[in-house]
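Everything below belongs to query.cif, which stores mmCIF, C-alpha atoms.
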data_upload
loop_
_atom_site.label_atom_id
_atom_site.label_comp_id
_atom_site.auth_asym_id
_atom_site.auth_seq_id
_atom_site.Cartn_x
_atom_site.Cartn_y
_atom_site.Cartn_z
CA MET A 1 36.78 -48.58 -60.77
CA ALA A 2 40.42 -48.53 -61.71
CA LYS A 3 42.15 -51.65 -62.87
CA TRP A 4 44.57 -53.45 -60.58
CA GLN A 5 47.98 -51.97 -61.32
CA ARG A 6 50.77 -54.51 -61.44
CA VAL A 7 53.45 -55.81 -63.78
CA ARG A 8 54.90 -59.26 -64.17
CA VAL A 9 58.71 -59.35 -64.30
CA ASN A 10 60.24 -62.53 -65.62
CA ILE A 11 63.58 -63.61 -64.18
CA PRO A 12 65.58 -66.84 -64.54
CA LYS A 13 64.15 -69.78 -62.62
CA ILE A 14 67.47 -70.38 -60.87
CA TYR A 15 66.71 -67.94 -58.08
CA THR A 16 65.53 -69.05 -54.63
CA PRO A 17 62.56 -67.39 -52.88
CA LYS A 18 64.85 -65.18 -50.76
CA GLU A 19 66.82 -64.16 -53.83
CA ARG A 20 63.59 -63.29 -55.63
CA VAL A 21 62.54 -61.04 -52.75
CA ALA A 22 65.95 -59.32 -52.79
CA ILE A 23 65.80 -58.83 -56.58
CA ALA A 24 62.24 -57.51 -56.36
CA ASN A 25 63.32 -55.05 -53.70
CA ASP A 26 66.07 -53.80 -56.00
CA ILE A 27 63.60 -53.45 -58.87
CA VAL A 28 61.13 -51.48 -56.75
CA GLN A 29 63.82 -49.16 -55.42
CA PHE A 30 65.26 -48.72 -58.89
CA SER A 31 61.78 -47.91 -60.27
CA ILE A 32 61.18 -45.32 -57.56
CA ALA A 33 64.57 -43.69 -58.12
CA ARG A 34 64.10 -43.68 -61.91
CA SER A 35 60.65 -42.09 -61.54
CA LYS A 36 61.98 -39.46 -59.15
CA SER A 37 64.62 -38.58 -61.71
CA GLY A 38 61.85 -37.97 -64.27
CA ASN A 39 62.11 -41.04 -66.48
CA ASP A 40 59.54 -43.64 -67.45
CA VAL A 41 59.92 -47.41 -67.79
CA ASN A 42 61.74 -46.99 -71.11
CA GLY A 43 64.03 -44.28 -69.79
CA GLU A 44 62.19 -41.48 -71.60
CA SER A 45 61.37 -38.19 -69.87
CA PHE A 46 57.89 -37.82 -68.42
CA PRO A 47 55.64 -35.16 -69.99
CA GLY A 48 55.94 -31.86 -68.09
CA TYR A 49 53.55 -30.62 -65.43
CA SER A 50 50.69 -28.33 -66.45
CA GLU A 51 51.06 -24.61 -65.74
CA GLU A 52 47.97 -24.77 -63.54
CA TYR A 53 49.51 -27.49 -61.38
CA LYS A 54 52.81 -25.62 -61.14
CA LYS A 55 50.97 -22.57 -59.83
CA SER A 56 49.10 -24.53 -57.14
CA ARG A 57 49.86 -24.04 -53.46
CA ASP A 58 50.46 -27.77 -52.95
CA PHE A 59 53.14 -27.69 -55.63
CA GLY A 60 55.03 -25.13 -53.54
CA ILE A 61 54.35 -26.86 -50.22
CA ALA A 62 55.80 -30.08 -51.60
CA GLY A 63 58.94 -28.17 -52.59
CA LYS A 64 58.56 -29.21 -56.21
CA ASP A 65 60.08 -27.57 -59.27
CA SER A 66 59.46 -28.08 -62.99
CA ASP A 67 61.25 -31.43 -62.96
CA VAL A 68 58.61 -34.15 -63.01
CA ASN A 69 59.24 -36.63 -60.19
CA LEU A 70 55.76 -38.07 -59.56
CA THR A 71 56.08 -37.06 -55.93
CA LEU A 72 53.71 -34.88 -53.95
CA SER A 73 53.26 -36.66 -50.61
CA GLY A 74 55.18 -39.62 -52.07
CA GLU A 75 52.33 -42.06 -51.51
CA MET A 76 52.09 -43.32 -55.11
CA LEU A 77 55.72 -44.34 -55.48
CA ASN A 78 56.22 -45.51 -51.92
CA GLU A 79 53.22 -47.85 -51.97
CA MET A 80 54.81 -49.81 -54.84
CA ASP A 81 55.84 -53.25 -53.62
CA LEU A 82 56.39 -56.91 -54.39
CA ILE A 83 52.91 -58.44 -54.46
CA SER A 84 53.85 -62.08 -54.99
CA HIS A 85 56.52 -64.25 -56.52
CA LYS A 86 57.07 -67.75 -57.79
CA SER A 87 59.83 -69.50 -59.67
CA GLY A 88 60.82 -67.30 -62.60
CA THR A 89 58.26 -64.56 -61.92
CA LEU A 90 57.84 -61.47 -59.77
CA LEU A 91 54.57 -59.57 -59.53
CA ILE A 92 55.25 -55.92 -58.68
CA GLY A 93 52.70 -53.18 -58.16
CA TYR A 94 49.90 -52.29 -55.79
CA GLU A 95 47.43 -54.05 -53.52
CA SER A 96 44.40 -55.26 -55.47
CA GLY A 97 41.34 -53.09 -54.82
CA ALA A 98 43.30 -50.31 -53.08
CA ASP A 99 42.25 -46.72 -53.86
CA ILE A 100 45.77 -45.88 -55.00
CA ASN A 101 45.22 -47.98 -58.15
CA GLY A 102 43.16 -45.11 -59.58
CA LYS A 103 45.97 -42.61 -59.24
CA VAL A 104 48.51 -45.06 -60.63
CA GLU A 105 46.31 -45.87 -63.62
CA GLY A 106 45.70 -42.16 -64.24
CA ASN A 107 49.43 -41.57 -64.49
CA ARG A 108 50.14 -44.66 -66.57
CA ILE A 109 47.48 -44.00 -69.22
CA GLY A 110 47.40 -40.22 -68.92
CA SER A 111 43.74 -40.02 -67.91
CA TYR A 112 44.00 -38.24 -64.52
CA GLY A 113 40.28 -38.67 -63.93
CA GLY A 114 39.33 -38.05 -67.58
CA GLU A 115 39.95 -39.79 -70.89
CA ALA A 116 43.20 -41.64 -71.53
CA ASP A 117 45.73 -39.43 -73.32
CA PRO A 118 48.95 -41.01 -74.64
CA GLU A 119 50.64 -37.60 -74.64
CA LYS A 120 50.16 -37.30 -70.90
CA GLU A 121 51.16 -40.85 -70.02
CA ARG A 122 53.71 -41.26 -67.27
CA ASP A 123 54.21 -45.01 -67.17
CA PHE A 124 56.48 -45.57 -64.22
CA LEU A 125 55.54 -49.13 -63.27
CA GLY A 126 57.94 -51.80 -64.48
CA ILE A 127 61.48 -52.15 -65.69
CA SER A 128 63.15 -52.41 -69.10
CA ASP A 129 65.00 -55.56 -70.12
CA GLU A 130 68.26 -53.65 -70.08
CA ASP A 131 67.75 -52.30 -66.55
CA LEU A 132 66.66 -55.72 -65.34
CA LYS A 133 69.86 -57.21 -66.74
CA THR A 134 71.89 -54.64 -64.81
CA ILE A 135 70.14 -55.62 -61.57
CA LEU A 136 70.50 -59.35 -62.20
CA LYS A 137 74.25 -58.89 -62.73
CA LYS A 138 74.39 -58.17 -59.00
CA TYR A 139 73.03 -61.67 -58.37
CA PRO A 140 75.36 -63.97 -60.34
CA LYS A 141 74.94 -67.72 -60.03
CA GLY A 142 77.54 -69.01 -62.47
CA THR A 143 80.12 -70.52 -60.11
CA LYS A 144 79.83 -72.13 -56.68
CA GLU A 145 81.37 -69.01 -55.09
CA GLN A 146 78.93 -66.75 -56.92
CA LYS A 147 76.00 -68.89 -55.81
CA GLU A 148 77.16 -68.65 -52.19
CA SER A 149 77.76 -64.89 -52.45
CA THR A 150 74.35 -64.29 -54.03
CA LYS A 151 72.70 -66.46 -51.40
CA GLN A 152 74.35 -64.48 -48.58
CA LYS A 153 73.56 -61.14 -50.22
CA ALA A 154 69.90 -62.10 -50.47
CA ILE A 155 69.84 -63.26 -46.84
CA ASP A 156 71.30 -59.92 -45.70
CA ILE A 157 68.77 -57.93 -47.74
CA VAL A 158 65.76 -60.00 -46.70
CA THR A 159 66.82 -60.02 -43.03
CA SER A 160 67.40 -56.25 -43.06
CA LEU A 161 64.05 -55.72 -44.74
CA ARG A 162 62.26 -57.92 -42.21
CA ILE A 163 63.90 -56.24 -39.22
CA SER A 164 63.31 -52.77 -40.67
CA SER A 165 59.68 -53.59 -41.29
CA GLU A 166 59.26 -54.85 -37.71
CA VAL A 167 60.97 -51.78 -36.30
CA ILE A 168 58.90 -49.34 -38.36
CA ASP A 169 55.63 -51.23 -38.05
CA VAL A 170 55.36 -50.80 -34.27
CA SER A 171 54.60 -47.13 -34.76
CA MET B 1 49.32 -40.44 -29.33
CA SER B 2 52.70 -40.07 -30.95
CA VAL B 3 54.74 -42.04 -33.41
CA GLU B 4 57.22 -44.30 -31.65
CA ILE B 5 59.77 -46.56 -33.29
CA HIS B 6 61.43 -49.01 -30.89
CA VAL B 7 64.49 -51.04 -31.76
CA GLY B 8 63.98 -53.01 -28.55
CA ASP B 9 60.79 -54.52 -29.95
CA ILE B 10 62.46 -56.50 -32.69
CA GLU B 11 62.97 -60.22 -32.39
CA LYS B 12 66.08 -61.24 -30.54
CA GLN B 13 67.08 -64.12 -32.82
CA ILE B 14 69.26 -61.82 -34.88
CA SER B 15 73.01 -61.80 -34.77
CA ASP B 16 74.92 -59.32 -32.63
CA GLN B 17 76.34 -57.89 -35.83
CA ILE B 18 72.91 -57.11 -37.26
CA GLU B 19 71.67 -55.86 -33.91
CA LYS B 20 74.56 -53.39 -33.76
CA ALA B 21 73.86 -52.31 -37.34
CA VAL B 22 70.19 -51.76 -36.49
CA SER B 23 71.03 -49.68 -33.41
CA ALA B 24 73.50 -47.58 -35.41
CA SER B 25 70.91 -47.03 -38.13
CA VAL B 26 68.06 -45.84 -35.93
CA ASP B 27 69.47 -42.40 -35.29
CA GLN B 28 68.63 -38.71 -35.26
CA LYS B 29 68.69 -38.51 -39.05
CA LEU B 30 66.00 -41.19 -39.34
CA ALA B 31 64.04 -39.39 -36.61
CA ASN B 32 64.30 -36.09 -38.52
CA ASP B 33 63.30 -37.76 -41.79
CA THR B 34 60.25 -39.35 -40.13
CA ALA B 35 59.14 -36.03 -38.63
CA GLU B 36 59.58 -34.25 -41.97
CA ILE B 37 57.52 -36.89 -43.82
CA ILE B 38 54.59 -36.43 -41.41
CA LYS B 39 54.84 -32.65 -41.51
CA ARG B 40 54.96 -32.48 -45.32
CA ARG B 41 52.04 -34.87 -45.81
CA THR B 42 49.90 -32.99 -43.29
CA GLU B 43 50.66 -29.63 -44.88
CA LEU B 44 49.48 -31.09 -48.16
CA GLY B 45 46.14 -31.81 -46.51
CA PHE B 46 46.42 -35.54 -45.88
CA GLY B 47 45.91 -37.52 -42.70
CA VAL B 48 45.95 -41.22 -41.87
CA ASN B 49 42.86 -43.40 -41.46
CA ASP B 50 42.47 -46.36 -39.10
CA ASN B 51 43.76 -48.71 -41.81
CA GLY B 52 46.96 -46.74 -42.20
CA LYS B 53 45.98 -45.30 -45.56
CA GLN B 54 46.55 -41.71 -46.62
CA VAL B 55 43.24 -39.83 -46.72
CA LYS B 56 42.23 -36.21 -47.23
CA LEU B 57 41.83 -34.43 -43.92
CA LYS B 58 38.24 -33.69 -42.91
CA PRO B 59 37.12 -30.39 -44.51
CA LEU B 60 36.90 -27.27 -42.34
CA SER B 61 33.44 -26.18 -41.20
CA ASP B 62 31.85 -23.20 -42.97
CA SER B 63 31.96 -21.27 -39.71
CA TYR B 64 35.68 -21.86 -39.24
CA LYS B 65 36.38 -20.95 -42.87
CA ALA B 66 34.51 -17.67 -42.28
CA GLN B 67 36.73 -17.03 -39.25
CA ARG B 68 39.83 -17.72 -41.28
CA ARG B 69 38.63 -15.35 -44.01
CA GLY B 70 38.03 -12.69 -41.36
CA ASP B 71 34.27 -12.49 -41.97
CA ILE B 72 33.42 -13.32 -38.37
CA ALA B 73 35.10 -13.70 -34.99
CA PHE B 74 33.91 -14.69 -31.53
CA TYR B 75 34.29 -13.39 -28.02
CA THR B 76 32.81 -14.48 -24.72
CA ASP B 77 30.77 -11.84 -22.86
CA ALA B 78 30.62 -11.23 -19.10
CA ASN B 79 27.83 -13.79 -18.76
CA GLY B 80 29.87 -16.46 -20.50
CA ASN B 81 27.91 -16.32 -23.73
CA LYS B 82 29.67 -16.67 -27.05
CA ARG B 83 29.14 -13.55 -29.21
CA VAL B 84 29.85 -12.99 -32.87
CA PHE B 85 31.43 -9.86 -34.30
CA ARG B 86 33.06 -8.76 -37.53
CA PRO B 87 36.76 -8.20 -36.96
CA ASP B 88 38.64 -5.21 -38.40
CA ARG B 89 41.04 -7.46 -40.24
CA PRO B 90 41.36 -11.16 -41.01
CA PRO B 91 43.57 -13.38 -38.85
CA LYS B 92 47.11 -13.83 -40.13
CA LEU B 93 47.34 -17.24 -41.73
CA SER B 94 50.52 -19.09 -42.60
CA SER B 95 51.54 -18.76 -46.25
CA ARG B 96 51.26 -22.55 -46.41
CA THR B 97 47.49 -22.57 -46.11
CA THR B 98 44.33 -20.75 -47.25
CA PRO B 99 41.06 -19.99 -45.41
CA ALA B 100 39.40 -23.05 -46.95
CA LYS B 101 42.30 -25.51 -46.88
CA SER B 102 42.18 -28.25 -44.27
CA ASN B 103 45.82 -28.95 -43.50
CA VAL B 104 46.06 -28.52 -39.73
CA THR B 105 47.68 -25.17 -40.34
CA LYS B 106 46.69 -21.74 -39.08
CA THR B 107 49.91 -20.04 -38.03
CA GLY B 108 51.99 -23.12 -38.76
CA GLN B 109 53.40 -23.26 -35.21
CA MET B 110 52.14 -26.71 -34.32
CA LEU B 111 53.38 -28.50 -37.44
CA SER B 112 56.69 -26.64 -37.20
CA SER B 113 57.11 -28.05 -33.72
CA ILE B 114 56.97 -31.68 -34.90
CA LYS B 115 60.30 -33.16 -33.95
CA GLY B 116 61.85 -36.58 -33.81
CA THR B 117 63.92 -37.50 -30.79
CA ILE B 118 66.03 -40.52 -29.91
CA LYS B 119 65.82 -42.11 -26.49
CA ASN B 120 67.05 -45.60 -25.57
CA SER B 121 67.49 -46.53 -29.26
CA SER B 122 63.90 -45.56 -30.01
CA ILE B 123 62.49 -42.76 -32.10
CA PHE B 124 59.71 -40.60 -30.73
CA ILE B 125 57.86 -38.16 -32.96
CA ASN B 126 55.77 -35.54 -31.23
CA VAL B 127 54.89 -31.86 -31.06
CA SER B 128 56.26 -29.68 -28.30
CA GLY B 129 56.41 -26.18 -26.86
CA ARG B 130 53.91 -23.48 -26.05
CA ARG B 131 52.19 -21.25 -28.57
CA ASN B 132 52.96 -17.57 -28.95
CA ASP B 133 49.50 -16.65 -30.23
CA GLY B 134 48.17 -15.51 -26.86
CA SER B 135 46.03 -18.62 -26.43
CA GLY B 136 48.12 -19.95 -23.56
CA LEU B 137 47.88 -23.40 -25.10
CA SER B 138 50.66 -25.84 -25.77
CA ASN B 139 51.18 -27.36 -29.21
CA GLU B 140 50.42 -30.75 -27.63
CA GLU B 141 46.98 -29.48 -26.55
CA VAL B 142 46.28 -28.14 -30.03
CA LYS B 143 47.36 -31.45 -31.57
CA ASP B 144 45.02 -33.36 -29.21
CA PHE B 145 42.15 -31.02 -30.10
CA VAL B 146 42.77 -31.41 -33.83
CA GLU B 147 42.86 -35.20 -33.57
CA ALA B 148 39.72 -35.23 -31.40
CA GLN B 149 38.03 -33.37 -34.27
CA GLY B 150 38.74 -36.35 -36.51
CA ARG B 151 41.92 -35.18 -38.19
CA ARG B 152 44.46 -37.93 -37.49
CA PHE B 153 47.85 -36.85 -38.73
CA LEU B 154 50.55 -37.84 -36.24
CA PHE B 155 50.77 -41.41 -37.53
CA LEU B 156 52.54 -43.14 -40.40
CA THR B 157 50.69 -44.29 -43.53
CA SER B 158 51.45 -47.70 -45.02
CA ALA B 159 53.35 -45.96 -47.84
CA GLU B 160 55.41 -44.00 -45.33
CA LYS B 161 56.18 -47.19 -43.43
CA LYS B 162 57.39 -48.80 -46.66
CA GLN B 163 59.48 -45.72 -47.45
CA LEU B 164 61.08 -45.74 -44.00
CA THR B 165 61.52 -49.52 -44.07
CA ARG B 166 63.51 -49.27 -47.32
CA LYS B 167 65.52 -46.36 -45.97
CA LEU B 168 66.30 -48.21 -42.75
CA LYS B 169 67.14 -51.40 -44.66
CA ASP B 170 69.70 -49.54 -46.78
CA ARG B 171 71.25 -48.05 -43.66
CA ILE B 172 71.43 -51.40 -41.87
CA LEU B 173 73.14 -52.95 -44.89
CA SER B 174 75.67 -50.13 -45.05
CA ASN B 175 76.35 -50.53 -41.32
CA LEU B 176 76.84 -54.30 -41.50
#

Structure encoded using structure tokens:
Amino acid sequence: MAKWQRVRVNIPKIYTPKERVAIANDIVQFSIARSKSGNDVNGESFPGYSEEYKKSRDFGIAGKDSDVNLTLSGEMLNEMDLISHKSGTLLIGYESGADINGKVEGNRIGSYGGEADPEKERDFLGISDEDLKTILKKYPKGTKEQKESTKQKAIDIVTSLRISSEVIDVS
Amino acid sequence: MSVEIHVGDIEKQISDQIEKAVSASVDQKLANDTAEIIKRRTELGFGVNDNGKQVKLKPLSDSYKAQRRGDIAFYTDANGNKRVFRPDRPPKLSSRTTPAKSNVTKTGQMLSSIKGTIKNSSIFINVSGRRNDGSGLSNEEVKDFVEAQGRRFLFLTSAEKKQLTRKLKDRILSNL
């Protein structure tokens, strides 16, 4: 049974619940984009795909090339989400007990159903301190105006997310 | 069953500005993206279970694999009995499948016909058109048969819903 795959991201305690959701959404989308561009949590390139995998029919069907983007159907990256949050902390990852945890763990520790292999690790879950700082710069809270702007930005993001989720979820 | 995404179903306590942004964001591009996501996932051999999770499509039967390899074929005799024979050559399969691969693909016509359309600010994803394989069937009939066999594919997985939710969210924000 794979371990529950999640990471704790610490942020300043000044942020409101809505702002935390907005920041978490930015972190998830950043993590997905970074993984699709072939880089791990620390910004280093993922190990390349095996020749066997590159020759597989699914590799061609998915329209993949040699650039590692952790995307076949896209399930692994797209399932990543904010699990919970409280003052100063975001928990980002996957639903506890979900089957997808096995695939995520396989990528993160390089086991892929076998023994862990550091040379095959593709740790895509999480964010570096530097990248987190860049995201948090978009949510300044220094002055009264900044606080109001950050509050409104978070409301727009959370409202758009909620409406989008309702629209898509009726399918 | 088809995938339907209705803007009209959202709560009405949103501002006119957001409502306009939502309507502008649910467009043909989102419909095309949704159709492509379903098509790609199905070609890879994955369907959707009742809980909205991505699952491997049910394997093909040995008999059907033999037909796809060209080892056997069937015809119906004058008395209505099904007869087996060995065909001269195997059936032509799409390059995006193999005799043993369960990915709702034989010629590829049905999955190619998956389209997203917009009507009354809603997205509808379905298959359409008739087949040109001499069967006289429509792609809709083939889709219904495939799903009745336990291969649910014309749905969205939870991961796909999250993907589309984020995509739609970004578009709403840019249209605000």

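One finds atom CA of Ile38 of chain B at 10.5 Å from atom CA of Gly116 of chain B.
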
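Proximity ranking of A:Gly38, A:Gly74, A:Pro47, A:Pro140 relative to Gln54 of chain B places A:Gly74 first, based on only C-alpha atoms.
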
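With all atoms listed in the file as the basis for measurement, A:Lys3 is the residue among A:Ile23, A:Ile168, A:His85, A:Lys3 that approaches Asn101 of chain A most closely.
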
- Query: So how many Å separate atom CA of Ser35 of chain A and atom CA of Phe124 of chain A, to one decimal?
  - Reply: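 Between atom CA of Ser35 of chain A and atom CA of Phe124 of chain A the gap works out to 6.1 Å.
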
- Result set, the PyMOL selection byres ((chain B) within 6 of (chain A)) on current file, as a ChimeraX atom specification: /B:3-5,7,41,44,159,163,165,168-169

- Task: Given the file shown, determine the residues that the PyMOL selection byres ((chain B and resi 130) around 10) selects; report them as a list in words.
- Result: Gln109, Met110, Ser113, Val127, Ser128, Gly129, Arg131, Asn132, Asp133, Gly134, Ser135, Gly136, Leu137, Ser138, Asn139, Glu140, Glu141 and Val142 of chain B

- Message: Show me, as JSON, numbers by chain, the residues that have an atom within 10 Å of Arg89 of chain B when counting all atoms listed in the file, minus same-chain residues fewer than 6 positions from it.
- Response: {"B": [69, 70, 71, 72]}

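Here the PyMOL selection byres ((chain B and resi 62-67) around 10) catches exactly these residues: Pro59, Leu60, Ser61, Arg68, Arg69, Gly70, Asp71, Ile72, Ala73, Phe74, Arg86, Pro87, Pro90, Pro91, Thr98, Pro99, Ala100, Lys101 and Ser102 of chain B.
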
- Item | All residues 12 Å or closer to Gly113 of chain A, only C-alpha atoms, same chain fewer than 6 positions away omitted, as a ChimeraX atom specification | /A:1-2,102-107
